[in-house]
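One structure is given here, and the rest of the page talks about it.
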Amino acid sequence: MSQADLATAMGRSESWVSQVERGVQPVERLAILQALADALGASIRDVRPDAAPAAADRVDAPPVPESNDLDGLRVALTGHPALGSLFDRGPSSPVPALAEFRSRVDQAWEYVHASSFAALSDHLVKLLPDIEVAVRHAPAADQIELHSLRARSYQAAAASFTRQDQADAAWVAADRALQAAEMAGQPLEVVASLFRMAHAFMRQQHMDQAEQAAKSAVEVLDPRAGDPACPAEELSLLGAMNLVLSVINAREGNRSETRAHLRRAEEIAARLGEDRNDFDTEFGPTNVKLHSVSTAVELGDAGLALEIAAQVDASGLSAERQARFLLDVARAHAQRRHVGEATAALLEAETLAPEQIRDHHLAREIIRDLIQLSGRRVPESLRELADRSGVS
């Protein structure tokens, strides 16, 4: 049974199945064990003899290993986020100060940019319920900023779900971010939420919906960009949305539209004159070049992608963005049958963001292609990477 088939049978991602097979993701909860056993047509005792119900309930049972899947975060999104507040139930503990929430939200985005998904999940499981309660019980003077921080928190959740192939949950998180941003009276945060939503739709291969999310923002922001006083933050979002549209068109094979959106993003980046990270988009001249590489790979122009990549210095961007760039470089080398160069790019990316590369569906596809290209002479470094990534 393939990883993809088992993932489908369980309603999980292929990445999650891969982690379980490699022993990276522990499966201890009986409900998940039962689902795994059912999908395999076996009993729980067949799957985990030491985790049968009677054994799992023992007082002296070994502690459950820390989980690095996003189950807890999915649960945190389930139902009403603060139902008790609707029935006049006050907070069970003092509401943290705004400064603490600012720090916790910033920490969440540090985890996102480092591709530290396990730490991010644990962090957001605590942060989201706290901020949902706070926004309903904090002083009126704090409400606006709390809604804005709530939007950023859900955007972080959406980003993590998208990168872990759980686009359905990413959509829910992005939608909640959008609502919170509107309640904060922050239209640019609304656009940032649409940015996350577009990425969720792209991961689901719903390109029409992704395009609608991105285009709706561009249609509003583009006329405003003609004003010389247009804020840099607004220009960054407009540029980022054009990059989203460039990727969508590249995946659909539309070269002219891909280049048009890249040119527009390049114009905006030149106007900004520097790499920025407004709304955690990392937009700027360097990111435009990275998307030029990515879209060239999508269009099958491996030579052009490698030519552009040779001129890029991505060291000033986050580990996540650098690793994603190296993944595109590896794809380009794989298209040209450069096994050694592609493997080297993957290994460098793994050093920067191991969770992202070992569990990314594109990375596994590239590894499989490189193994096939190698025939009987698979390089040892590639074979070891395949083992770490659960590629058979």
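Chain labels follow the order of the structure tokens: the first chain is A, the next B, and so on; residue numbering restarts at 1 in every chain, and ligands are counted from 1 in their shown order.
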
Practice item. Report as a ChimeraX atom specification: the residues of region 162-200 of chain A with a DSSP assignment of helix (DSSP H, G or I), based on the backbone of this structure. Key: /A:162-163,167-183,187-200

Point to revise | Exercise: region 106-118 of chain A partners within 10 Å, only C-alpha atoms, chain neighbours under 5 positions left out, as a ChimeraX atom specification | key: /A:66-70,100-101,123-124,127,149,152-153,155-157,159-161,163-164,280,282,317-323,352-357

Interface rows for region 110-157 of chain A against region 165-184 of chain A: nearest pair, Å to one decimal, 6 Å, only C-alpha atoms, as a tab-separated table:
residue	atom	partner	partner_atom	distance
A:Ile144	CA	A:Ala184	CA	4.8
A:His147	CA	A:Ala184	CA	5.0
A:Ser148	CA	A:Ala184	CA	5.4
A:Ala151	CA	A:Ala177	CA	4.1
A:Tyr154	CA	A:Ala177	CA	5.0
A:Gln155	CA	A:Ala174	CA	5.7

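Surrounding region 364-367 of chain A within 7 Å are Arg331, Ala334, Ala386, Ser389 and Val391 of chain A, with only C-alpha atoms counted and residues fewer than 6 positions along the same chain left out.
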
Review point. Excluding same-chain residues fewer than 6 positions from Asp130 (chain A), what lies within 12 Å of it counting only C-alpha atoms, as an NGL selection string?
Key: :A and (76 or 81-82 or 91-98 or 100-101 or 104-105 or 123-124 or 136-138 or 146 or 149-150 or 153)

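Using only C-alpha atoms, the smallest distance between any of A:Leu370, A:Leu362, A:Ile268, A:Ala140 and Met241 (chain A) comes from A:Ile268.
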
Selection: 12 Å around Gln311 (chain A), only C-alpha atoms, excl. self and same-chain fewer than 3 positions, as a PDB file with N, CA, C and O atoms, in the first residue's frame:
ATOM      1  N   THR A 286      15.058  40.528  -3.961  1.00  0.00           N
ATOM      2  CA  THR A 286      15.577  39.155  -3.916  1.00  0.00           C
ATOM      3  C   THR A 286      14.458  38.142  -4.090  1.00  0.00           C
ATOM      4  O   THR A 286      14.604  37.159  -4.837  1.00  0.00           O
ATOM      5  N   LYS A 289      13.479  37.688  -7.644  1.00  0.00           N
ATOM      6  CA  LYS A 289      14.408  36.812  -8.372  1.00  0.00           C
ATOM      7  C   LYS A 289      14.141  35.341  -8.039  1.00  0.00           C
ATOM      8  O   LYS A 289      14.202  34.473  -8.916  1.00  0.00           O
ATOM      9  N   LEU A 290      13.852  35.077  -6.773  1.00  0.00           N
ATOM     10  CA  LEU A 290      13.561  33.694  -6.380  1.00  0.00           C
ATOM     11  C   LEU A 290      12.329  33.169  -7.100  1.00  0.00           C
ATOM     12  O   LEU A 290      12.287  32.013  -7.529  1.00  0.00           O
ATOM     13  N   SER A 292      11.340  34.252  -9.986  1.00  0.00           N
ATOM     14  CA  SER A 292      11.733  34.083 -11.389  1.00  0.00           C
ATOM     15  C   SER A 292      12.327  32.698 -11.604  1.00  0.00           C
ATOM     16  O   SER A 292      12.085  32.056 -12.637  1.00  0.00           O
ATOM     17  N   VAL A 293      13.085  32.230 -10.625  1.00  0.00           N
ATOM     18  CA  VAL A 293      13.634  30.871 -10.693  1.00  0.00           C
ATOM     19  C   VAL A 293      12.508  29.850 -10.608  1.00  0.00           C
ATOM     20  O   VAL A 293      12.423  28.917 -11.407  1.00  0.00           O
ATOM     21  N   LEU A 304      17.252  28.571 -17.898  1.00  0.00           N
ATOM     22  CA  LEU A 304      17.001  29.939 -17.460  1.00  0.00           C
ATOM     23  C   LEU A 304      16.950  30.011 -15.935  1.00  0.00           C
ATOM     24  O   LEU A 304      17.494  30.942 -15.329  1.00  0.00           O
ATOM     25  N   ALA A 305      16.308  29.034 -15.311  1.00  0.00           N
ATOM     26  CA  ALA A 305      16.207  29.014 -13.847  1.00  0.00           C
ATOM     27  C   ALA A 305      17.592  28.990 -13.212  1.00  0.00           C
ATOM     28  O   ALA A 305      17.870  29.742 -12.262  1.00  0.00           O
ATOM     29  N   LEU A 306      18.482  28.152 -13.727  1.00  0.00           N
ATOM     30  CA  LEU A 306      19.827  28.044 -13.152  1.00  0.00           C
ATOM     31  C   LEU A 306      20.650  29.296 -13.439  1.00  0.00           C
ATOM     32  O   LEU A 306      21.474  29.708 -12.615  1.00  0.00           O
ATOM     33  N   GLU A 307      20.428  29.911 -14.588  1.00  0.00           N
ATOM     34  CA  GLU A 307      21.128  31.148 -14.921  1.00  0.00           C
ATOM     35  C   GLU A 307      20.751  32.263 -13.945  1.00  0.00           C
ATOM     36  O   GLU A 307      21.617  32.997 -13.458  1.00  0.00           O
ATOM     37  N   ILE A 308      19.450  32.372 -13.646  1.00  0.00           N
ATOM     38  CA  ILE A 308      19.004  33.392 -12.695  1.00  0.00           C
ATOM     39  C   ILE A 308      19.491  33.056 -11.287  1.00  0.00           C
ATOM     40  O   ILE A 308      19.963  33.929 -10.544  1.00  0.00           O
ATOM     41  N   ALA A 314      20.531  34.798  -1.518  1.00  0.00           N
ATOM     42  CA  ALA A 314      19.331  34.728  -0.681  1.00  0.00           C
ATOM     43  C   ALA A 314      19.654  34.682   0.801  1.00  0.00           C
ATOM     44  O   ALA A 314      18.768  34.461   1.623  1.00  0.00           O
TER      45      ALA A 314
END

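Distances to Glu274 (chain A) were evaluated for A:Leu86, A:Asn287, A:Ala37, A:Leu6 using only C-alpha atoms, and the minimum falls at A:Asn287.
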
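Coordinates place CA of Thr8 (chain A) at a distance of 19.8 Å from CA of Val75 (chain A).
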
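If you measure from each of A:Glu145, A:Ala9, A:Pro139, A:Met197 to Asp38 (chain A) using only C-alpha atoms, the closest one turns out to be A:Ala9.
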
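With distances restricted to only C-alpha atoms, A:Leu238 is the closest residue to Asp278 (chain A) from A:Leu238, A:Val244, A:Ala342, A:Thr295.
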
Practice item. For Ile248 (chain A), please output as a ChimeraX atom specification all residues within 10 Å (counting only C-alpha atoms; exclusion window: fewer than 4 positions along the same chain). Key: /A:198-199,202,205-208,210-211,214,242-244,252-254,257-258,295,298

For the selection you just gave me, I'd like the residues written to a file as a PDB file, in the first residue's frame, keeping N, CA, C and O atoms.
ATOM      1  N   ALA A 198      -4.709  32.340  -0.635  1.00  0.00           N
ATOM      2  CA  ALA A 198      -4.317  31.986  -1.998  1.00  0.00           C
ATOM      3  C   ALA A 198      -3.319  30.832  -1.993  1.00  0.00           C
ATOM      4  O   ALA A 198      -3.403  29.913  -2.821  1.00  0.00           O
ATOM      5  N   HIS A 199      -2.383  30.864  -1.060  1.00  0.00           N
ATOM      6  CA  HIS A 199      -1.409  29.766  -0.978  1.00  0.00           C
ATOM      7  C   HIS A 199      -2.087  28.449  -0.586  1.00  0.00           C
ATOM      8  O   HIS A 199      -1.699  27.378  -1.075  1.00  0.00           O
ATOM      9  N   MET A 202      -3.688  27.124  -3.680  1.00  0.00           N
ATOM     10  CA  MET A 202      -2.691  26.581  -4.606  1.00  0.00           C
ATOM     11  C   MET A 202      -2.260  25.182  -4.184  1.00  0.00           C
ATOM     12  O   MET A 202      -2.087  24.306  -5.018  1.00  0.00           O
ATOM     13  N   GLN A 205      -4.513  22.664  -5.299  1.00  0.00           N
ATOM     14  CA  GLN A 205      -4.648  22.652  -6.762  1.00  0.00           C
ATOM     15  C   GLN A 205      -5.952  23.314  -7.217  1.00  0.00           C
ATOM     16  O   GLN A 205      -6.450  23.021  -8.299  1.00  0.00           O
ATOM     17  N   HIS A 206      -6.497  24.193  -6.396  1.00  0.00           N
ATOM     18  CA  HIS A 206      -7.685  24.964  -6.764  1.00  0.00           C
ATOM     19  C   HIS A 206      -7.217  26.314  -7.308  1.00  0.00           C
ATOM     20  O   HIS A 206      -7.319  27.350  -6.648  1.00  0.00           O
ATOM     21  N   MET A 207      -6.676  26.288  -8.514  1.00  0.00           N
ATOM     22  CA  MET A 207      -6.031  27.478  -9.059  1.00  0.00           C
ATOM     23  C   MET A 207      -7.023  28.606  -9.338  1.00  0.00           C
ATOM     24  O   MET A 207      -6.670  29.779  -9.241  1.00  0.00           O
ATOM     25  N   ASP A 208      -8.247  28.253  -9.672  1.00  0.00           N
ATOM     26  CA  ASP A 208      -9.223  29.309  -9.934  1.00  0.00           C
ATOM     27  C   ASP A 208      -9.525  30.095  -8.664  1.00  0.00           C
ATOM     28  O   ASP A 208      -9.639  31.326  -8.687  1.00  0.00           O
ATOM     29  N   ALA A 210      -7.486  30.289  -5.999  1.00  0.00           N
ATOM     30  CA  ALA A 210      -6.260  31.001  -5.641  1.00  0.00           C
ATOM     31  C   ALA A 210      -6.143  32.287  -6.448  1.00  0.00           C
ATOM     32  O   ALA A 210      -5.804  33.349  -5.917  1.00  0.00           O
ATOM     33  N   GLU A 211      -6.449  32.189  -7.735  1.00  0.00           N
ATOM     34  CA  GLU A 211      -6.363  33.359  -8.601  1.00  0.00           C
ATOM     35  C   GLU A 211      -7.385  34.417  -8.196  1.00  0.00           C
ATOM     36  O   GLU A 211      -7.096  35.617  -8.197  1.00  0.00           O
ATOM     37  N   ALA A 214      -6.097  36.271  -5.082  1.00  0.00           N
ATOM     38  CA  ALA A 214      -4.997  37.191  -5.383  1.00  0.00           C
ATOM     39  C   ALA A 214      -5.459  38.358  -6.256  1.00  0.00           C
ATOM     40  O   ALA A 214      -5.099  39.515  -6.016  1.00  0.00           O
ATOM     41  N   ASN A 242       1.291  39.852  -6.790  1.00  0.00           N
ATOM     42  CA  ASN A 242       1.704  39.635  -8.178  1.00  0.00           C
ATOM     43  C   ASN A 242       2.594  38.405  -8.297  1.00  0.00           C
ATOM     44  O   ASN A 242       2.520  37.675  -9.292  1.00  0.00           O
ATOM     45  N   LEU A 243       3.405  38.143  -7.284  1.00  0.00           N
ATOM     46  CA  LEU A 243       4.219  36.929  -7.307  1.00  0.00           C
ATOM     47  C   LEU A 243       3.342  35.676  -7.208  1.00  0.00           C
ATOM     48  O   LEU A 243       3.613  34.663  -7.863  1.00  0.00           O
ATOM     49  N   VAL A 244       2.303  35.755  -6.386  1.00  0.00           N
ATOM     50  CA  VAL A 244       1.352  34.639  -6.310  1.00  0.00           C
ATOM     51  C   VAL A 244       0.745  34.375  -7.690  1.00  0.00           C
ATOM     52  O   VAL A 244       0.676  33.228  -8.155  1.00  0.00           O
ATOM     53  N   GLU A 252      -0.075  26.885 -14.829  1.00  0.00           N
ATOM     54  CA  GLU A 252      -1.047  26.650 -15.887  1.00  0.00           C
ATOM     55  C   GLU A 252      -0.432  26.784 -17.281  1.00  0.00           C
ATOM     56  O   GLU A 252      -1.130  26.692 -18.284  1.00  0.00           O
ATOM     57  N   GLY A 253       0.901  27.027 -17.308  1.00  0.00           N
ATOM     58  CA  GLY A 253       1.596  27.103 -18.583  1.00  0.00           C
ATOM     59  C   GLY A 253       1.384  28.394 -19.340  1.00  0.00           C
ATOM     60  O   GLY A 253       1.675  28.469 -20.540  1.00  0.00           O
ATOM     61  N   ASN A 254       0.915  29.435 -18.667  1.00  0.00           N
ATOM     62  CA  ASN A 254       0.645  30.712 -19.319  1.00  0.00           C
ATOM     63  C   ASN A 254       1.885  31.612 -19.186  1.00  0.00           C
ATOM     64  O   ASN A 254       2.050  32.343 -18.219  1.00  0.00           O
ATOM     65  N   GLU A 257       1.361  35.768 -19.165  1.00  0.00           N
ATOM     66  CA  GLU A 257       0.836  36.299 -17.909  1.00  0.00           C
ATOM     67  C   GLU A 257       1.845  36.127 -16.781  1.00  0.00           C
ATOM     68  O   GLU A 257       1.966  36.991 -15.905  1.00  0.00           O
ATOM     69  N   THR A 258       2.567  35.019 -16.800  1.00  0.00           N
ATOM     70  CA  THR A 258       3.606  34.802 -15.786  1.00  0.00           C
ATOM     71  C   THR A 258       4.619  35.936 -15.833  1.00  0.00           C
ATOM     72  O   THR A 258       4.964  36.537 -14.801  1.00  0.00           O
ATOM     73  N   THR A 295       9.248  30.093 -11.190  1.00  0.00           N
ATOM     74  CA  THR A 295       8.329  30.044 -12.338  1.00  0.00           C
ATOM     75  C   THR A 295       9.018  29.475 -13.572  1.00  0.00           C
ATOM     76  O   THR A 295       8.382  28.789 -14.377  1.00  0.00           O
ATOM     77  N   GLU A 298       8.774  25.830 -13.176  1.00  0.00           N
ATOM     78  CA  GLU A 298       7.408  25.383 -13.451  1.00  0.00           C
ATOM     79  C   GLU A 298       7.148  25.311 -14.953  1.00  0.00           C
ATOM     80  O   GLU A 298       6.434  24.420 -15.430  1.00  0.00           O
TER      81      GLU A 298
END

Review point. Which value, in Å to one decimal, gives the distance between CA of Phe279 (chain A) and CA of Leu128 (chain A)?
Key: 18.4 Å

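Comparing A:Ala158, A:Ala99, A:Ala344, A:Leu327 by their smallest distance to His361 (chain A), the closest is A:Leu327 (using only C-alpha atoms).
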
Check your understanding: Separation of CA of Leu373 (chain A) and CA of Val339 (chain A), in Å?
Key -> 7.3 Å

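With distances restricted to only C-alpha atoms, A:Met10 is the closest residue to Ala35 (chain A) from A:Val247, A:Val47, A:Met10, A:Leu346.
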